[in-house]
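Student: Before I ask anything, here is the structure I am working with.
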Amino acid sequence: MPINWKQYQAAGLWDELVTPSGRARPGAGPLLRVLSRLTDEALSERAAAAELAIRTMGITFTVYDTGQPGGIDREWPFDIVPRLIRKREWDAIAQGLAQRVRALNAFIDDVYHHQRILRDGVVPAAYIEKSREFRPRCVGIDPPHGVWSHVCGTDLVRDQDGALYVLEDNLRVPSGVSYMLENRAVMKRVFPELFKDYVIHPVDDYPQRLAACLRSLAPEGNDSPQIVVLTPGIYNSAYFEHAYLAQAMGAELVEGADLRVGADDCVYMKTIAGRVRVDVIYRRIDDLFLDPKAFRADSVLGVPGLMRAWQAGNVALANAPGCGVADDKVIYTYVPDMVRYYLGEEPLLANVPSYRCVEKADRDYVLDNLDKLVVKPANESGGYGMLIGPMASKRQRNAFARAVRANPRNYMAQPMLILSTAPTLAGAPGSVDRMQPRHLDLRPFILSGAETHVTMGGLTRVAMKKGSMVVNSSQGGGSKDTWILDLPP
Amino acid sequence: MSHSVLSRVAERIYWLGRYTERADNTARLINVNTNMLMDLPTRRPLGWRPLIDITGSGALFDSLYSDASERNVCRFLTSDARHPSAITSAISAARENARTVRETMPGPTFEYVNDLHLFARSALGPNLSRGKRHAALEGINNRVQRLEGFLSQNMMHGAHWQLLRLGSRIERADMTTRIIDVRSDDLLPPGHDLAPFQEIQWRSVLGSLNARQSYQAATGAPISRSRVLEFLLREPGLPRSYAYCLSAMRRHIRSLPRHEAPLRACDQAAAFLASANPGALDGESLHRFLDECQVQLGILHEAVTNTWFRVPEDALQPAPSQGEIPFGSTRLMPPESVPPQREGSPQ
């Protein structure tokens, strides 16, 4: 039976498309009407068409825990209902993202030079001294344009009152942008008619923007620099994206063993025509695996001598080693202060209210309210090592209390947000609740080189399980296309 | 930006070509042998052992099986995971190579390779009956041909393509000499009362190379030992003849950069063939001649590897061991495939 939006169950939630009374939010009207005109079978056909497109386009990600060596390729889970954001709102968000990444890059550059922000007492020096991601080898290095994090993926969430927050900034090697691009390609195949009703801003300029950003990092005097994408190899969960971006940019996809650092401290790749100089490396390998001579000696993924070549300015690394020092959940709490300190501006985007366990008043509050808070360790990513207080057992909470007391620097806490939702094709065919609200977040990508560029929207990740707020693809998350819309005034 | 091929990718593509060709040839070999044995009287001195010798895997086979029965030989050649050149092993290796260079080939390539792999795994079980064997092996041939045809019509005929074809042709040249070698030397002892069946065996040699009609059309003559040898080794128009493979390899080699050493090796092999008169060689000297052909293909393979797959720094390091040398010249294997790596995963 066709969808009746009055029966859509979004009470107590902030839904991106539907108000609590079942009306369309501004801009969502045409989409909801098209969806409700489709019969049950037609909806199923569209979903099947999307699945088929994903299969034939070979959009996959790798999952590990299947008992198969090296993991297996899974098709990318995708929901056919797009998430909409009005252009005017997006422009303001994009400005805020650019501001934030400018401040973060200034912070990283400062940390590896004069450390003014530490000496001025805005960020406690102890945080940096004890940071796992601080790399003494990077002190005094001057990467081009003073930029360290060239590709940043910032996760945005909306709370149940509609307020938008920055959840975290992924400054090291964020992934997901290829899925943002592929989602749009799938939607064009599945809902071509909607592209007539709407003015949707395109996203497919990203590979060219990324290539331009990387080119702007090349050592001086090279008009057509050789750019490569450095991947850990086919067993990495994001290998699809590495290959995708390399192909789209016309760059070479290389593994560590394809590269050599010569006696002249320049980087070369081994080709059938002999060695070819490499100018810019978009590396999709973590710092510690980049160079077995500088970091982990047991790494077989990296290139011996790469740090030396980078320090000599003979090759650009994006993102720069050491930029993870700002990718820390505790440092995150200082980003609004960084914006004021380095830019002299008020932050345009808000952080989620946060408590620093190292400060006594905050810590006492956290320990007294563990059942209401989400507690996060400073340096984990992908949702690992977190305590979700309201859902944890008493034992888990006690264990976390002990961990927080033992090492308060390593923890911060935030109230549990109820993430906003969007209608998702989740119910069985024929049921009244075919469309159900599912929680989501948004990861835009910010490119920084000679210029700054923010993607038009980003990757919307959605928790496909009812009530779940875990959007990671490895844990049952899916995704939606994200439309930035021009609306008539 | 240069459009050169990474050495690692070049090596993978070259081995993709070799392995698919190896699987194809092995499948055809088994079917042709089956047919030939049906045409011979029951008390035949011939059996399945020659297939083991053709594929140069005698030592490995003898260490795994006690006798060269039809069942043992077919299992060994089709699906024994302990045998790296068994059809299923060769196809798995081809698939692994294709997987690592997926982004350099036209979109559906990997699907074709994967389909071949899935088919081989399901159709070539350890207990494959004789009744189903023919169709299963033909299925392998058809799928390899489909892949070849698809690539030939859809892949850019650039350096990647040249490397793929080079691998496939060197494997084919090698197999042609091996088939002739074993089939000519070992077929029937002189003076045996099965002499009238000589023709059957030479027909099966032609059949192994899909060359019966071509032979008839090109020579218009009855099947004779010297004419078949001449045809399979020197016929410039026959795609599986040794001469054809060499001239195809020469074209592929010349289109690649820094080709001096491989080209020299290829020309040497061609000059050696031109100087011989294979039709006139008797059993022992023919065997020595074919052995020398295989040695020269080995030298060419080394030249290809050292020129395009290894950089000078690597040449200083000891080359990886190539394992046993079971028969004549060894059948070369690529370096081990990349081990699974999960460290350094991005966020």
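Identifiers in the structure tokens: chain A, B, ... in order shown; residue index from 1 per chain; ligand index from 1 in order shown.
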List every residue of region 67-136 of chain B that DSSP, applied to the backbone of this structure, assigns to alpha helix (DSSP H), and report them as a PyMOL selection string.
Tutor: chain B and resi 70-78+87-100+109-123+130-136
Student: Compile the contact shell of Asp181 (chain B) as a list of chain:residue names: residues with an atom at most 8 Å away, counting only C-alpha atoms, same-chain residues fewer than 4 positions apart removed.
Tutor: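 Here the qualifying residues turn out to be B:Ile54, B:Thr177, B:Asp185, B:Leu286, B:His287, B:Leu290.
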Student: Have a look at CA of Ile30 (chain B) and CA of Arg18 (chain B) and let me know their distance in Å, one decimal.
Tutor: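 Here the two named atoms are 18.5 Å from each other.
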Student: Can you tell me which residues surround Phe231 (chain B) at a distance of at most 10 Å, considering only C-alpha atoms, apart from same-chain residues fewer than 3 positions away, and format the answer as number ranges by chain?
Tutor: B: 206, 211, 214-215, 218-219, 225-228, 234-238, 241-243, 278-279
Student: Emit the selected residues as a PDB file, in the first residue's frame, including C-alpha atoms.
Tutor:
ATOM      1  CA  LEU B 206      47.160 -31.830 -33.469  1.00  0.00           C
ATOM      2  CA  ALA B 211      44.949 -27.716 -35.111  1.00  0.00           C
ATOM      3  CA  SER B 214      44.178 -26.113 -39.897  1.00  0.00           C
ATOM      4  CA  TYR B 215      46.654 -28.850 -40.672  1.00  0.00           C
ATOM      5  CA  ALA B 218      47.239 -25.792 -44.826  1.00  0.00           C
ATOM      6  CA  THR B 219      49.051 -28.946 -45.958  1.00  0.00           C
ATOM      7  CA  ARG B 225      55.319 -37.195 -38.234  1.00  0.00           C
ATOM      8  CA  SER B 226      57.608 -34.817 -40.109  1.00  0.00           C
ATOM      9  CA  ARG B 227      54.801 -32.713 -41.550  1.00  0.00           C
ATOM     10  CA  VAL B 228      53.062 -32.387 -38.161  1.00  0.00           C
ATOM     11  CA  ARG B 234      57.070 -23.421 -37.830  1.00  0.00           C
ATOM     12  CA  GLU B 235      53.705 -22.595 -39.372  1.00  0.00           C
ATOM     13  CA  PRO B 236      53.558 -18.785 -39.199  1.00  0.00           C
ATOM     14  CA  GLY B 237      49.763 -18.686 -39.547  1.00  0.00           C
ATOM     15  CA  LEU B 238      48.850 -21.139 -36.784  1.00  0.00           C
ATOM     16  CA  SER B 241      52.601 -22.889 -33.360  1.00  0.00           C
ATOM     17  CA  TYR B 242      55.895 -22.175 -31.691  1.00  0.00           C
ATOM     18  CA  ALA B 243      56.902 -19.783 -34.477  1.00  0.00           C
ATOM     19  CA  PRO B 278      62.608 -30.284 -36.907  1.00  0.00           C
ATOM     20  CA  GLY B 279      60.840 -32.596 -39.361  1.00  0.00           C
TER      21      GLY B 279
END
Student: Using only C-alpha atoms, find each residue in chain A having at least one atom no more than 7 Å away from chain B; report its shortest atom-to-atom pair and that distance in Å (one decimal), rows by chain then rising number, as a Markdown table.
Tutor:
| residue | atom | partner | partner_atom | distance |
| --- | --- | --- | --- | --- |
| A:Gly70 | CA | B:Pro340 | CA | 5.2 |
| A:Val173 | CA | B:Pro346 | CA | 5.4 |
| A:Pro174 | CA | B:Gln347 | CA | 5.4 |
| A:Ser175 | CA | B:Gln347 | CA | 6.5 |
| A:Ser224 | CA | B:Met1 | CA | 6.3 |
| A:Pro225 | CA | B:Met1 | CA | 6.7 |
| A:Gln226 | CA | B:Met1 | CA | 5.4 |
| A:Ile234 | CA | B:Thr100 | CA | 6.3 |
| A:Tyr235 | CA | B:Pro340 | CA | 5.9 |
| A:Asn236 | CA | B:Arg342 | CA | 6.0 |
| A:Ala243 | CA | B:Glu103 | CA | 6.1 |
| A:Asp258 | CA | B:Arg8 | CA | 6.7 |
| A:Lys270 | CA | B:Ser7 | CA | 5.6 |
| A:Thr271 | CA | B:Leu6 | CA | 4.1 |
| A:Ile272 | CA | B:Trp308 | CA | 4.5 |
| A:Ala273 | CA | B:Pro257 | CA | 5.3 |
| A:Arg284 | CA | B:Pro346 | CA | 6.5 |
| A:Ile285 | CA | B:Gly344 | CA | 5.5 |
| A:Asp286 | CA | B:Gly344 | CA | 5.0 |
| A:Phe289 | CA | B:Gly344 | CA | 6.1 |
| A:Ser381 | CA | B:Gln347 | CA | 6.3 |
| A:Gly382 | CA | B:Gln347 | CA | 6.4 |
Student: With N, CA and C atoms retained, export the selected residues as a short mmCIF file (atom, residue, chain, number, x, y, z; two decimals), in the first residue's frame.
Tutor:
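See out_5.cif below for the written result:
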data_model
loop_
_atom_site.label_atom_id
_atom_site.label_comp_id
_atom_site.auth_asym_id
_atom_site.auth_seq_id
_atom_site.Cartn_x
_atom_site.Cartn_y
_atom_site.Cartn_z
N GLY A 70 41.60 -12.57 5.00
CA GLY A 70 41.62 -11.33 4.23
C GLY A 70 40.27 -10.67 4.14
N VAL A 173 43.40 9.91 8.22
CA VAL A 173 43.09 9.34 6.90
C VAL A 173 41.60 8.99 6.83
N PRO A 174 40.75 10.03 6.79
CA PRO A 174 39.31 9.75 6.78
C PRO A 174 38.90 9.07 5.47
N SER A 175 37.94 8.16 5.57
CA SER A 175 37.47 7.48 4.35
C SER A 175 35.97 7.70 4.19
N SER A 224 53.76 19.63 -13.89
CA SER A 224 52.85 18.48 -13.92
C SER A 224 53.38 17.41 -12.97
N PRO A 225 53.13 17.62 -11.68
CA PRO A 225 53.68 16.70 -10.68
C PRO A 225 53.07 15.30 -10.79
N GLN A 226 53.86 14.31 -10.40
CA GLN A 226 53.39 12.93 -10.36
C GLN A 226 52.73 12.70 -9.00
N ILE A 234 45.03 -4.66 -1.06
CA ILE A 234 43.66 -5.07 -1.34
C ILE A 234 42.90 -5.56 -0.12
N TYR A 235 43.61 -5.90 0.96
CA TYR A 235 42.89 -6.43 2.11
C TYR A 235 42.43 -5.32 3.05
N ASN A 236 42.76 -4.10 2.73
CA ASN A 236 42.31 -2.99 3.56
C ASN A 236 40.83 -2.70 3.31
N ALA A 243 41.36 2.69 -4.81
CA ALA A 243 41.39 2.43 -6.26
C ALA A 243 40.49 3.43 -7.00
N ASP A 258 56.16 -0.51 -4.06
CA ASP A 258 56.36 0.08 -5.38
C ASP A 258 57.24 1.31 -5.33
N LYS A 270 58.68 2.29 -9.01
CA LYS A 270 59.27 1.34 -9.95
C LYS A 270 58.28 1.03 -11.05
N THR A 271 58.64 1.36 -12.26
CA THR A 271 57.75 1.06 -13.39
C THR A 271 58.53 0.29 -14.44
N ILE A 272 57.81 -0.20 -15.43
CA ILE A 272 58.48 -0.95 -16.49
C ILE A 272 59.38 -0.04 -17.32
N ALA A 273 59.17 1.27 -17.21
CA ALA A 273 60.05 2.20 -17.94
C ALA A 273 61.23 2.63 -17.08
N ARG A 284 47.15 6.60 2.31
CA ARG A 284 45.99 6.07 3.04
C ARG A 284 46.47 5.02 4.02
N ILE A 285 47.63 5.30 4.62
CA ILE A 285 48.25 4.44 5.62
C ILE A 285 48.50 5.30 6.85
N ASP A 286 48.30 4.74 8.03
CA ASP A 286 48.55 5.51 9.24
C ASP A 286 50.02 5.86 9.39
N PHE A 289 52.96 3.43 10.14
CA PHE A 289 53.33 2.41 9.16
C PHE A 289 54.00 3.02 7.93
N SER A 381 39.27 5.45 17.28
CA SER A 381 38.32 5.89 16.26
C SER A 381 37.45 4.72 15.88
N GLY A 382 36.42 5.01 15.10
CA GLY A 382 35.51 3.95 14.67
C GLY A 382 34.59 3.47 15.78
#
Student: Which residues come within 12 Å of Ser152 (chain B), counting only C-alpha atoms, excluding same-chain residues fewer than 3 positions away, as a ChimeraX atom specification?
Tutor: /B:105-106,109,145-149,155-158,160-162,164-165
Student: Go ahead and write the selection's residues with N, CA and C atoms as an mmCIF file, in the first residue's frame.
Tutor:
data_model
loop_
_atom_site.group_PDB
_atom_site.id
_atom_site.type_symbol
_atom_site.label_atom_id
_atom_site.label_comp_id
_atom_site.auth_asym_id
_atom_site.auth_seq_id
_atom_site.Cartn_x
_atom_site.Cartn_y
_atom_site.Cartn_z
ATOM 1 N N MET B 105 42.099 -2.765 -15.300
ATOM 2 C CA MET B 105 41.439 -3.498 -16.388
ATOM 3 C C MET B 105 40.007 -2.976 -16.559
ATOM 4 N N PRO B 106 39.388 -3.253 -17.704
ATOM 5 C CA PRO B 106 38.007 -2.805 -17.899
ATOM 6 C C PRO B 106 37.095 -3.391 -16.819
ATOM 7 N N THR B 109 36.063 -7.184 -16.055
ATOM 8 C CA THR B 109 37.099 -8.213 -16.162
ATOM 9 C C THR B 109 37.101 -9.139 -14.963
ATOM 10 N N GLN B 145 38.140 -18.588 -23.019
ATOM 11 C CA GLN B 145 37.998 -17.928 -24.319
ATOM 12 C C GLN B 145 37.152 -16.668 -24.212
ATOM 13 N N ARG B 146 36.120 -16.744 -23.388
ATOM 14 C CA ARG B 146 35.248 -15.580 -23.217
ATOM 15 C C ARG B 146 36.040 -14.420 -22.613
ATOM 16 N N LEU B 147 36.851 -14.734 -21.604
ATOM 17 C CA LEU B 147 37.666 -13.706 -20.970
ATOM 18 C C LEU B 147 38.638 -13.101 -21.976
ATOM 19 N N GLU B 148 39.315 -13.985 -22.722
ATOM 20 C CA GLU B 148 40.263 -13.509 -23.729
ATOM 21 C C GLU B 148 39.575 -12.608 -24.746
ATOM 22 N N GLY B 149 38.417 -13.063 -25.209
ATOM 23 C CA GLY B 149 37.692 -12.299 -26.209
ATOM 24 C C GLY B 149 37.247 -10.958 -25.672
ATOM 25 N N MET B 155 39.791 -4.005 -23.764
ATOM 26 C CA MET B 155 40.901 -3.429 -23.013
ATOM 27 C C MET B 155 41.715 -2.532 -23.931
ATOM 28 N N MET B 156 42.156 -1.402 -23.402
ATOM 29 C CA MET B 156 43.076 -0.556 -24.161
ATOM 30 C C MET B 156 44.268 -1.406 -24.580
ATOM 31 N N HIS B 157 44.621 -1.340 -25.842
ATOM 32 C CA HIS B 157 45.784 -2.125 -26.258
ATOM 33 C C HIS B 157 47.063 -1.346 -25.973
ATOM 34 N N GLY B 158 47.226 -1.016 -24.689
ATOM 35 C CA GLY B 158 48.423 -0.309 -24.230
ATOM 36 C C GLY B 158 49.364 -1.281 -23.545
ATOM 37 N N HIS B 160 49.544 -2.440 -20.515
ATOM 38 C CA HIS B 160 48.946 -3.511 -19.715
ATOM 39 C C HIS B 160 48.570 -4.701 -20.598
ATOM 40 N N TRP B 161 47.952 -4.368 -21.699
ATOM 41 C CA TRP B 161 47.509 -5.400 -22.632
ATOM 42 C C TRP B 161 48.694 -6.187 -23.196
ATOM 43 N N GLN B 162 49.735 -5.472 -23.575
ATOM 44 C CA GLN B 162 50.909 -6.133 -24.151
ATOM 45 C C GLN B 162 51.501 -7.121 -23.152
ATOM 46 N N LEU B 164 49.889 -8.641 -20.697
ATOM 47 C CA LEU B 164 48.957 -9.765 -20.548
ATOM 48 C C LEU B 164 49.174 -10.787 -21.662
ATOM 49 N N ARG B 165 49.242 -10.269 -22.878
ATOM 50 C CA ARG B 165 49.421 -11.144 -24.030
ATOM 51 C C ARG B 165 50.801 -11.807 -24.040
#
Student: Please provide the set of residues having any atom within 6 Å of region 82-92 of chain B, restricted to only C-alpha atoms, with same-chain residues fewer than 2 positions apart removed, written as a PyMOL selection string.
Tutor: chain B and resi 19+23+77-80+94-95+117+120
Student: Could you give me, as a ChimeraX atom specification, the residues within 10 Å of Leu38 (chain A), counting only C-alpha atoms and dropping anything in the same chain fewer than 5 positions from it?
Tutor: /A:1-3,33,43-44,46
Student: Store the residues picked out above, limited to C-alpha atoms, as an mmCIF file, in the first residue's frame.
Tutor:
data_model
loop_
_atom_site.group_PDB
_atom_site.id
_atom_site.type_symbol
_atom_site.label_atom_id
_atom_site.label_comp_id
_atom_site.auth_asym_id
_atom_site.auth_seq_id
_atom_site.Cartn_x
_atom_site.Cartn_y
_atom_site.Cartn_z
ATOM 1 C CA MET A 1 0.000 0.000 0.000
ATOM 2 C CA PRO A 2 1.233 3.542 -0.692
ATOM 3 C CA ILE A 3 3.005 5.413 2.075
ATOM 4 C CA ARG A 33 4.797 13.108 -2.752
ATOM 5 C CA LEU A 43 9.101 0.830 -4.132
ATOM 6 C CA SER A 44 10.508 -2.678 -4.006
ATOM 7 C CA ARG A 46 13.394 0.850 -6.971
#
Student: Pull the strand (DSSP E) assignments for region 414-466 of chain A out of DSSP run on the backbone, and list those residues as a VMD selection string.
Tutor: chain A and resid 414 to 415 421 to 425 435 to 443 445 to 448 452 to 454 459 to 463
Student: Selected residues, C-alpha atoms, written as an mmCIF file, in the first residue's frame, please.
Tutor:
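New file out-v3.cif:
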data_model
loop_
_atom_site.group_PDB
_atom_site.id
_atom_site.type_symbol
_atom_site.label_atom_id
_atom_site.label_comp_id
_atom_site.auth_asym_id
_atom_site.auth_seq_id
_atom_site.Cartn_x
_atom_site.Cartn_y
_atom_site.Cartn_z
ATOM 1 C CA GLN A 414 29.340 13.994 26.435
ATOM 2 C CA PRO A 415 25.616 13.796 27.045
ATOM 3 C CA THR A 421 16.450 10.589 11.651
ATOM 4 C CA ALA A 422 15.247 10.277 8.086
ATOM 5 C CA PRO A 423 12.658 7.967 6.526
ATOM 6 C CA THR A 424 14.274 4.703 5.507
ATOM 7 C CA LEU A 425 12.798 1.800 3.576
ATOM 8 C CA MET A 435 9.075 3.832 5.889
ATOM 9 C CA GLN A 436 10.632 4.013 9.325
ATOM 10 C CA PRO A 437 12.857 6.663 10.915
ATOM 11 C CA ARG A 438 16.516 5.689 11.225
ATOM 12 C CA HIS A 439 19.237 7.698 12.960
ATOM 13 C CA LEU A 440 21.965 9.286 10.872
ATOM 14 C CA ASP A 441 25.006 11.507 10.816
ATOM 15 C CA LEU A 442 26.853 13.376 8.066
ATOM 16 C CA ARG A 443 30.503 13.368 7.106
ATOM 17 C CA PHE A 445 35.074 16.392 3.535
ATOM 18 C CA ILE A 446 37.197 19.508 3.690
ATOM 19 C CA LEU A 447 40.177 19.878 1.341
ATOM 20 C CA SER A 448 42.968 22.259 2.308
ATOM 21 C CA THR A 452 40.025 25.351 0.859
ATOM 22 C CA HIS A 453 37.126 23.385 -0.533
ATOM 23 C CA VAL A 454 34.173 21.827 1.256
ATOM 24 C CA LEU A 459 28.391 11.102 3.175
ATOM 25 C CA THR A 460 25.206 10.482 5.154
ATOM 26 C CA ARG A 461 25.603 7.354 7.220
ATOM 27 C CA VAL A 462 22.524 5.706 8.627
ATOM 28 C CA ALA A 463 22.053 3.085 11.334
#
Student: Near Lys87 (chain A), within 7 Å and counting only C-alpha atoms, which residues show up once chain neighbours fewer than 2 positions away are dropped, as a PDB file with N, CA and C atoms, in the first residue's frame?
Tutor:
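Output contents, as saved in out-v7.pdb:
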ATOM      1  N   ILE A  85      19.231  18.806   2.424  1.00  0.00           N
ATOM      2  CA  ILE A  85      19.668  19.991   3.169  1.00  0.00           C
ATOM      3  C   ILE A  85      19.548  21.180   2.226  1.00  0.00           C
ATOM      4  N   GLU A  89      21.282  26.747   4.293  1.00  0.00           N
ATOM      5  CA  GLU A  89      21.788  26.177   5.539  1.00  0.00           C
ATOM      6  C   GLU A  89      23.175  25.578   5.303  1.00  0.00           C
ATOM      7  N   TRP A  90      23.330  24.907   4.162  1.00  0.00           N
ATOM      8  CA  TRP A  90      24.612  24.253   3.900  1.00  0.00           C
ATOM      9  C   TRP A  90      25.756  25.259   3.778  1.00  0.00           C
ATOM     10  N   ASP A  91      25.475  26.387   3.111  1.00  0.00           N
ATOM     11  CA  ASP A  91      26.533  27.387   2.955  1.00  0.00           C
ATOM     12  C   ASP A  91      27.083  27.819   4.310  1.00  0.00           C
ATOM     13  N   ILE A 484      22.027  18.672  -1.546  1.00  0.00           N
ATOM     14  CA  ILE A 484      22.003  20.088  -1.208  1.00  0.00           C
ATOM     15  C   ILE A 484      21.123  20.764  -2.262  1.00  0.00           C
ATOM     16  N   LEU A 485      20.038  21.399  -1.791  1.00  0.00           N
ATOM     17  CA  LEU A 485      18.971  21.857  -2.685  1.00  0.00           C
ATOM     18  C   LEU A 485      18.900  23.365  -2.780  1.00  0.00           C
ATOM     19  N   ASP A 486      18.731  23.830  -4.002  1.00  0.00           N
ATOM     20  CA  ASP A 486      18.354  25.234  -4.213  1.00  0.00           C
ATOM     21  C   ASP A 486      16.842  25.309  -4.111  1.00  0.00           C
TER      22      ASP A 486
END
Student: Would you mind telling me which residue in A:Ser149, A:Gln247, A:Ser474, A:Ser393 lies nearest to Cys213 (chain A) when using only C-alpha atoms?
Tutor: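 Answer, going by the shortest atom-to-atom distance: A:Ser149.
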